[in-house]
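Visitor: To start, I am sharing the structure in question, which I have written as structure tokens.
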Amino acid sequence: MNKGNHSRFMPLILALCMVVGVLIGAFYASHFSGNRLNISNASSNKLNNLLHIIGDQYVDTVNMEDLVEKSMPRILAELDPHSTYVTASDMESNNDDLKGSFSGVGISFTIRDDTLHIQNIISNGPAEKAGIVAGDKIVRVDGKPFVGEECNDVNAMKRLKGPKGTKVELGIIRYGESKIRTFTVTRDDIVQKSVSCSYMIDDKIGYIRLKNFGETTYPEMLVALARLNAEGVENLIIDLRDNTGGYFASAVQIANEFLSSGKLIVYTKGRKSPREEYRSDGHGSYQKIPLIVLINEGSASSSEILAGAIQDNDRGTVIGRRSFGKGLVQQPIQFHDGSMVRLTIARYYTPSGRCIQKPYEKGNERDYEQDLVQRYQRGEFFSQDSIKNEGPEYHTSNGRIVYGGGGITPDIFVPEDTSAVTSYYAEAVYSGIIFTFAYNYTDENRNNLNHFDNITQMASYLKRQGIVEKFAQYANNHGLKRRNLMIRQSNNLLERMLISRIIYNMMDESALYEYLNQDDDVIRSAMQVLNEKKSFPKNEKRTKK
């Protein structure tokens with residue numbers, strides 16, 4: 001090779017030498033540098049470093065994906081009680097209740113003795129169109145047995161839900177028969193209603209119960225209001241008891257219906273989230289109707305936003321017991337695999353400036369989860385004097401004093417009546433045996449119960465059947481020992497619970513609440529305020545407890 005050719009290839013030779021040198025250096029660095037990774041040792045990178053080390057050097061094979069899935073919730077739990085991780089498999093089921101619909105067969109069911117019992121059929125839904133009726137038992141799905149250990153809530157949802165238009169073959173055993181009937185059901189969209197009950201309590205007072213705040217809650221609310229308006233409603237009760245919340249926007253839309261223009265509904269604020277206000281636009285159709293909002297310790301998040309907006313603007317009266325106290329704003333952040341983090345980015349504040357969120361200690365989930373138990377133990381459910389208003393004072397539009405420190409304290413406190421609660425009654429409810437009996441009784445007496453088309457007639461009939469005594473006999477034969485003194489003390493509670501569940505099994509959720517409301521002390525208090533025309537609060541300062 002001559003000198004010219006050698007000079008011409010020299011840049012290429014130098015480049016190759018540099019590449020080889022880099023590769024050799026990387027090899028020695030990774031094998032002989034004390035296992036140090038070529039990553040900055042900042043705290044933010046420690047977790048990645050640890051995962052790399054475990055995957056590369058741990059004594060046994062590790063399922064890294066599973067390890068990460070289990071670690072995510074624990075990391076978020078160190079931030080606050082409501083920052084959560086949702087796996088890809090749980091995403092669909094978590095969203096169904098709030099989306100307002102899903103695709104399925106149109107039944108509600110309960111699982112008893114390792115068998116799926118159909119409790120209710122959605123009117124005009126796929127199952128009803130196929131000829132399935134309440135009381136039927138599903139024992140096969142697509143030709144395969146569906147009983148025993150495999151028969152649980154999770155598997156039932158997987159087998160029965162599916163894309164709209166797809167078919168599922170159900171093997172059914174009907175009450176009083178032993179032969180399996182086969183029905184082919186074409187899945188369709190099933191509406192999930194947020195308005196679980198809506199009716200006129202009397203000729204002037206309308207009642208609406210919201211069980212959550214989903215995508216369709218606002219239009220459902222408008223339909224319910226329009227129906228009540230057609231029936232001559234002059235006063236309104238909105239029941240948010242045990243409503244754990246949902247979509248923030250739905251609560252703001254509903255509050256807007258009752259507030260005049262420019263009223264602050266709620267605002268949010270966080271470290272990286274500047275204050276954002278939500279105000280009424282003045283287009284609401286029910287700005288002057290006398291209004292009562294019902295809450296309890298199960299009312300949370302969006303329920304507290306609505307109740308707080310009504311209370312702080314002196315738009316209506318809030319009745320019941322102190323609400324849960326969930327006032328942290330979560331932002332959904334989705335990953336490529338379909339899983340999601342709901343990360344707290346701000347706090348909710350009512351119009352007066354109260355933070356809805358109750359106090360919590362980071363990483364201490366147990367105490368946070370035990371808060372309601374602690375409230376019960378210190379008597380907060382039974383005495384207004386037991387409510388700890390330790391937060392700062394704020395003022396409503398009319399100057400009334402309200403308190404921060406977590407949750408919404410009602411304007412009128414109604415204690416929980418536990419005078420008839422016995423250990424026998426508590427065990428009957430918590431063990432589920434009272435629901436099992438109610439379902440079995442319904443199943444065995446459907447022919448008789450089908451003759452009644454309203455709750456008054458059905459309740460009157462059931463009260464004549466000695467339903468409590470029949471339950472006591474059944475419970476004694478199924479592990480709940482008979483306690484005659486306790487049964488007599490809890491007789492009215494037992495009868496009320498049993499009849500309400502049978503009415504629910506035969507009718508629907510709306511009928512259940514309509515029956516329960518007949519002797520509800522909170523409803524009575526609301527009706528009294530409305531009848532006395534005192535729903536609009538005046539400037540009456542409350543004494544701090």
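Residues in the structure tokens are named by chain (A, B, ... in the order shown) and by number from 1 within that chain; ligands are numbered from 1 in the order shown.
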Excluding Arg315 of chain A and residues on its chain fewer than 2 positions from it, collect all residues at most 9 Å away from it, counting only C-alpha atoms, and give them as a PyMOL selection string.

Guide: chain A and resi 258-259+287-288+290-291+309-313+317+535-537

Visitor: Give me a file of those residues, with N, CA, C and O atoms, as a PDB file, in the first residue's frame.

Guide:
ATOM      1  N   PHE A 258     -79.385  25.773  40.875  1.00  0.00           N
ATOM      2  CA  PHE A 258     -80.079  26.334  42.033  1.00  0.00           C
ATOM      3  C   PHE A 258     -79.529  27.684  42.482  1.00  0.00           C
ATOM      4  O   PHE A 258     -80.056  28.279  43.418  1.00  0.00           O
ATOM      5  N   LEU A 259     -78.484  28.180  41.829  1.00  0.00           N
ATOM      6  CA  LEU A 259     -77.841  29.415  42.268  1.00  0.00           C
ATOM      7  C   LEU A 259     -78.037  30.542  41.258  1.00  0.00           C
ATOM      8  O   LEU A 259     -78.029  30.311  40.042  1.00  0.00           O
ATOM      9  N   GLN A 287     -83.758  28.400  40.677  1.00  0.00           N
ATOM     10  CA  GLN A 287     -82.992  29.294  41.537  1.00  0.00           C
ATOM     11  C   GLN A 287     -83.742  29.723  42.799  1.00  0.00           C
ATOM     12  O   GLN A 287     -83.128  30.194  43.749  1.00  0.00           O
ATOM     13  N   LYS A 288     -85.055  29.544  42.810  1.00  0.00           N
ATOM     14  CA  LYS A 288     -85.829  30.048  43.949  1.00  0.00           C
ATOM     15  C   LYS A 288     -86.619  28.974  44.686  1.00  0.00           C
ATOM     16  O   LYS A 288     -87.265  29.277  45.690  1.00  0.00           O
ATOM     17  N   PRO A 290     -87.603  26.350  47.323  1.00  0.00           N
ATOM     18  CA  PRO A 290     -87.116  25.996  48.657  1.00  0.00           C
ATOM     19  C   PRO A 290     -86.412  24.641  48.610  1.00  0.00           C
ATOM     20  O   PRO A 290     -86.949  23.673  48.061  1.00  0.00           O
ATOM     21  N   LEU A 291     -85.208  24.581  49.211  1.00  0.00           N
ATOM     22  CA  LEU A 291     -84.332  23.429  49.000  1.00  0.00           C
ATOM     23  C   LEU A 291     -83.740  22.903  50.308  1.00  0.00           C
ATOM     24  O   LEU A 291     -83.309  23.674  51.155  1.00  0.00           O
ATOM     25  N   ALA A 309     -71.706  24.291  48.580  1.00  0.00           N
ATOM     26  CA  ALA A 309     -72.132  25.426  47.754  1.00  0.00           C
ATOM     27  C   ALA A 309     -73.504  25.935  48.184  1.00  0.00           C
ATOM     28  O   ALA A 309     -73.744  27.151  48.247  1.00  0.00           O
ATOM     29  N   ILE A 310     -74.404  25.009  48.484  1.00  0.00           N
ATOM     30  CA  ILE A 310     -75.743  25.403  48.926  1.00  0.00           C
ATOM     31  C   ILE A 310     -75.679  26.063  50.303  1.00  0.00           C
ATOM     32  O   ILE A 310     -76.322  27.087  50.547  1.00  0.00           O
ATOM     33  N   GLN A 311     -74.875  25.498  51.205  1.00  0.00           N
ATOM     34  CA  GLN A 311     -74.778  26.030  52.569  1.00  0.00           C
ATOM     35  C   GLN A 311     -74.100  27.388  52.601  1.00  0.00           C
ATOM     36  O   GLN A 311     -74.614  28.335  53.214  1.00  0.00           O
ATOM     37  N   ASP A 312     -72.954  27.517  51.949  1.00  0.00           N
ATOM     38  CA  ASP A 312     -72.189  28.768  52.040  1.00  0.00           C
ATOM     39  C   ASP A 312     -72.873  29.929  51.331  1.00  0.00           C
ATOM     40  O   ASP A 312     -72.643  31.097  51.672  1.00  0.00           O
ATOM     41  N   ASN A 313     -73.694  29.621  50.339  1.00  0.00           N
ATOM     42  CA  ASN A 313     -74.448  30.673  49.645  1.00  0.00           C
ATOM     43  C   ASN A 313     -75.816  30.905  50.279  1.00  0.00           C
ATOM     44  O   ASN A 313     -76.610  31.682  49.742  1.00  0.00           O
ATOM     45  N   THR A 317     -81.055  24.600  53.227  1.00  0.00           N
ATOM     46  CA  THR A 317     -80.675  24.072  54.530  1.00  0.00           C
ATOM     47  C   THR A 317     -80.091  22.673  54.374  1.00  0.00           C
ATOM     48  O   THR A 317     -80.654  21.838  53.674  1.00  0.00           O
ATOM     49  N   SER A 535     -86.545  27.032  54.902  1.00  0.00           N
ATOM     50  CA  SER A 535     -85.403  26.404  54.207  1.00  0.00           C
ATOM     51  C   SER A 535     -84.309  27.397  53.844  1.00  0.00           C
ATOM     52  O   SER A 535     -83.146  27.013  53.687  1.00  0.00           O
ATOM     53  N   PHE A 536     -84.674  28.693  53.707  1.00  0.00           N
ATOM     54  CA  PHE A 536     -83.661  29.698  53.395  1.00  0.00           C
ATOM     55  C   PHE A 536     -83.059  30.218  54.703  1.00  0.00           C
ATOM     56  O   PHE A 536     -83.742  30.899  55.474  1.00  0.00           O
ATOM     57  N   PRO A 537     -81.791  29.898  54.978  1.00  0.00           N
ATOM     58  CA  PRO A 537     -81.190  30.263  56.267  1.00  0.00           C
ATOM     59  C   PRO A 537     -81.105  31.774  56.449  1.00  0.00           C
ATOM     60  O   PRO A 537     -80.863  32.523  55.497  1.00  0.00           O
TER      61      PRO A 537
END

Visitor: As an mmCIF file with C-alpha atoms, in the first residue's frame, please: the residues near Ile345 of chain A (cut-off 9 Å, only C-alpha atoms, same-chain neighbours under 5 positions excluded).

Guide:
data_model
loop_
_atom_site.group_PDB
_atom_site.id
_atom_site.type_symbol
_atom_site.label_atom_id
_atom_site.label_comp_id
_atom_site.auth_asym_id
_atom_site.auth_seq_id
_atom_site.Cartn_x
_atom_site.Cartn_y
_atom_site.Cartn_z
ATOM 1 C CA LYS A 269 -55.870 25.336 44.580
ATOM 2 C CA GLY A 270 -52.597 23.409 44.810
ATOM 3 C CA ARG A 271 -48.815 23.826 44.800
ATOM 4 C CA LYS A 272 -48.612 23.576 40.998
ATOM 5 C CA SER A 273 -52.294 24.369 40.375
ATOM 6 C CA LEU A 328 -58.460 16.371 47.498
ATOM 7 C CA VAL A 329 -58.470 16.799 43.714
ATOM 8 C CA GLN A 330 -57.093 13.867 41.714
ATOM 9 C CA GLN A 331 -55.735 14.124 38.188
#

Visitor: Could you make a table, as CSV, of the residues of segment 160-225 of chain A that have an atom within 10 Å of an atom of segment 526-529 of chain A, each with its nearest atom pair and distance in Å to one decimal, counting only C-alpha atoms, in chain and number order?

Guide:
residue,atom,partner,partner_atom,distance
A:Ile201,CA,A:Met527,CA,9.0
A:Asp202,CA,A:Met527,CA,9.5
A:Ile205,CA,A:Met527,CA,7.6

Visitor: Next, dump the selected residues to file, keeping only C-alpha atoms, as an mmCIF file, in the first residue's frame.

Guide:
data_model
loop_
_atom_site.group_PDB
_atom_site.id
_atom_site.type_symbol
_atom_site.label_atom_id
_atom_site.label_comp_id
_atom_site.auth_asym_id
_atom_site.auth_seq_id
_atom_site.Cartn_x
_atom_site.Cartn_y
_atom_site.Cartn_z
ATOM 1 C CA ILE A 201 -93.435 12.723 49.071
ATOM 2 C CA ASP A 202 -96.681 14.691 49.320
ATOM 3 C CA ILE A 205 -92.553 18.209 48.317
#

Visitor: Write down as a list of chain:residue names the residues of segment 246-352 of chain A whose backbone DSSP state falls under alpha helix (DSSP H).

Guide: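 Alpha helix (DSSP H) members of segment 246-352 of chain A, listed: A:Phe248, A:Ala249, A:Ser250, A:Ala251, A:Val252, A:Gln253, A:Ile254, A:Ala255, A:Asn256, A:Glu257, A:Phe258, A:Ser302, A:Ser303, A:Glu304, A:Ile305, A:Leu306, A:Ala307, A:Gly308, A:Ala309, A:Ile310, A:Gln311, A:Asp312.
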
Visitor: Keeping N, CA, C and O atoms, export the residues of the selection given above as an mmCIF file, in the first residue's frame.

Guide:
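Saved to again-v4.cif:
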data_model
loop_
_atom_site.group_PDB
_atom_site.id
_atom_site.type_symbol
_atom_site.label_atom_id
_atom_site.label_comp_id
_atom_site.auth_asym_id
_atom_site.auth_seq_id
_atom_site.Cartn_x
_atom_site.Cartn_y
_atom_site.Cartn_z
ATOM 1 N N PHE A 248 -66.508 15.644 39.348
ATOM 2 C CA PHE A 248 -66.569 17.014 39.870
ATOM 3 C C PHE A 248 -67.516 17.885 39.035
ATOM 4 O O PHE A 248 -68.325 18.647 39.568
ATOM 5 N N ALA A 249 -67.432 17.767 37.708
ATOM 6 C CA ALA A 249 -68.215 18.624 36.811
ATOM 7 C C ALA A 249 -69.713 18.452 37.030
ATOM 8 O O ALA A 249 -70.477 19.419 36.925
ATOM 9 N N SER A 250 -70.140 17.225 37.343
ATOM 10 C CA SER A 250 -71.575 16.979 37.556
ATOM 11 C C SER A 250 -72.087 17.731 38.775
ATOM 12 O O SER A 250 -73.194 18.281 38.761
ATOM 13 N N ALA A 251 -71.287 17.774 39.832
ATOM 14 C CA ALA A 251 -71.689 18.506 41.037
ATOM 15 C C ALA A 251 -71.803 20.000 40.747
ATOM 16 O O ALA A 251 -72.735 20.670 41.220
ATOM 17 N N VAL A 252 -70.860 20.527 39.983
ATOM 18 C CA VAL A 252 -70.893 21.954 39.630
ATOM 19 C C VAL A 252 -72.121 22.264 38.774
ATOM 20 O O VAL A 252 -72.804 23.279 38.989
ATOM 21 N N GLN A 253 -72.436 21.394 37.807
ATOM 22 C CA GLN A 253 -73.611 21.608 36.948
ATOM 23 C C GLN A 253 -74.904 21.613 37.755
ATOM 24 O O GLN A 253 -75.801 22.433 37.513
ATOM 25 N N ILE A 254 -75.011 20.694 38.706
ATOM 26 C CA ILE A 254 -76.236 20.623 39.501
ATOM 27 C C ILE A 254 -76.350 21.829 40.417
ATOM 28 O O ILE A 254 -77.432 22.427 40.547
ATOM 29 N N ALA A 255 -75.253 22.236 41.051
ATOM 30 C CA ALA A 255 -75.280 23.432 41.898
ATOM 31 C C ALA A 255 -75.712 24.653 41.095
ATOM 32 O O ALA A 255 -76.462 25.509 41.584
ATOM 33 N N ASN A 256 -75.268 24.727 39.852
ATOM 34 C CA ASN A 256 -75.592 25.854 38.978
ATOM 35 C C ASN A 256 -77.099 25.995 38.764
ATOM 36 O O ASN A 256 -77.600 27.107 38.569
ATOM 37 N N GLU A 257 -77.835 24.881 38.801
ATOM 38 C CA GLU A 257 -79.284 24.922 38.588
ATOM 39 C C GLU A 257 -80.008 25.673 39.699
ATOM 40 O O GLU A 257 -81.119 26.162 39.497
ATOM 41 N N PHE A 258 -79.385 25.773 40.875
ATOM 42 C CA PHE A 258 -80.079 26.334 42.033
ATOM 43 C C PHE A 258 -79.529 27.684 42.482
ATOM 44 O O PHE A 258 -80.056 28.279 43.418
ATOM 45 N N SER A 302 -67.728 15.026 45.675
ATOM 46 C CA SER A 302 -68.678 15.847 44.917
ATOM 47 C C SER A 302 -69.947 16.135 45.714
ATOM 48 O O SER A 302 -70.566 17.186 45.549
ATOM 49 N N SER A 303 -70.349 15.203 46.578
ATOM 50 C CA SER A 303 -71.502 15.449 47.453
ATOM 51 C C SER A 303 -71.223 16.635 48.363
ATOM 52 O O SER A 303 -72.107 17.473 48.614
ATOM 53 N N GLU A 304 -69.997 16.716 48.866
ATOM 54 C CA GLU A 304 -69.627 17.805 49.765
ATOM 55 C C GLU A 304 -69.485 19.121 49.017
ATOM 56 O O GLU A 304 -69.744 20.192 49.580
ATOM 57 N N ILE A 305 -69.087 19.050 47.756
ATOM 58 C CA ILE A 305 -69.016 20.265 46.932
ATOM 59 C C ILE A 305 -70.416 20.859 46.773
ATOM 60 O O ILE A 305 -70.629 22.066 46.954
ATOM 61 N N LEU A 306 -71.392 20.007 46.434
ATOM 62 C CA LEU A 306 -72.762 20.481 46.248
ATOM 63 C C LEU A 306 -73.347 20.993 47.566
ATOM 64 O O LEU A 306 -73.922 22.090 47.612
ATOM 65 N N ALA A 307 -73.194 20.208 48.635
ATOM 66 C CA ALA A 307 -73.739 20.629 49.931
ATOM 67 C C ALA A 307 -73.077 21.915 50.412
ATOM 68 O O ALA A 307 -73.745 22.814 50.944
ATOM 69 N N GLY A 308 -71.757 22.026 50.233
ATOM 70 C CA GLY A 308 -71.038 23.219 50.651
ATOM 71 C C GLY A 308 -71.456 24.455 49.878
ATOM 72 O O GLY A 308 -71.557 25.557 50.440
ATOM 73 N N ALA A 309 -71.706 24.291 48.580
ATOM 74 C CA ALA A 309 -72.132 25.426 47.754
ATOM 75 C C ALA A 309 -73.504 25.935 48.184
ATOM 76 O O ALA A 309 -73.744 27.151 48.247
ATOM 77 N N ILE A 310 -74.404 25.009 48.484
ATOM 78 C CA ILE A 310 -75.743 25.403 48.926
ATOM 79 C C ILE A 310 -75.679 26.063 50.303
ATOM 80 O O ILE A 310 -76.322 27.087 50.547
ATOM 81 N N GLN A 311 -74.875 25.498 51.205
ATOM 82 C CA GLN A 311 -74.778 26.030 52.569
ATOM 83 C C GLN A 311 -74.100 27.388 52.601
ATOM 84 O O GLN A 311 -74.614 28.335 53.214
ATOM 85 N N ASP A 312 -72.954 27.517 51.949
ATOM 86 C CA ASP A 312 -72.189 28.768 52.040
ATOM 87 C C ASP A 312 -72.873 29.929 51.331
ATOM 88 O O ASP A 312 -72.643 31.097 51.672
#

Visitor: Residues within 12 Å of Asn155 of chain A, please, as a list in words. Count only C-alpha atoms; anything in the same chain fewer than 6 positions from it doesn't count.

Guide: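 Final neighbour list, sorted by chain and number: Ile111, Leu116, Val141, Phe146, Val147, Gly148, Glu149 and Lys161 of chain A.
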
Visitor: Between A:Leu343, A:Leu210, A:Leu170, A:Ala459, which has the minimum distance to Pro145 of chain A (counting only C-alpha atoms)?

Guide: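 Going through A:Leu343, A:Leu210, A:Leu170, A:Ala459 one by one, the smallest distance to Pro145 of chain A is for A:Leu170.
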
Visitor: Work out how far atom CA of Pro81 of chain A is from atom CA of Gln370 of chain A, in Å to one decimal.

Guide: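 Between atom CA of Gln370 of chain A and atom CA of Pro81 of chain A the gap works out to 12.1 Å.
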
Visitor: Pick out the residues sitting within 7 Å of Thr350 of chain A, and hand them over as a list of chain:residue names; count only C-alpha atoms, and ignore anything fewer than 2 positions along from it in its own chain.

Guide: A:Ile265, A:Val266, A:Tyr267, A:Ile305, A:Gly308, A:Ala309, A:Tyr348, A:Ser352, A:Gly353, A:Arg354, A:Cys355

Visitor: Would you please work out which residue, of A:Leu512, A:Ile54, A:Ile499, A:Pro219, is nearest to Leu67 of chain A when using only C-alpha atoms?

Guide: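 Among A:Leu512, A:Ile54, A:Ile499, A:Pro219, it is A:Ile54 that comes nearest to Leu67 of chain A.
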
Visitor: Using only C-alpha atoms for the distances, tell me which of A:Arg446, A:Lys326, A:His52, A:Lys533 is nearest to Gly135 of chain A.

Guide: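 Nearest to Gly135 of chain A: A:Arg446.
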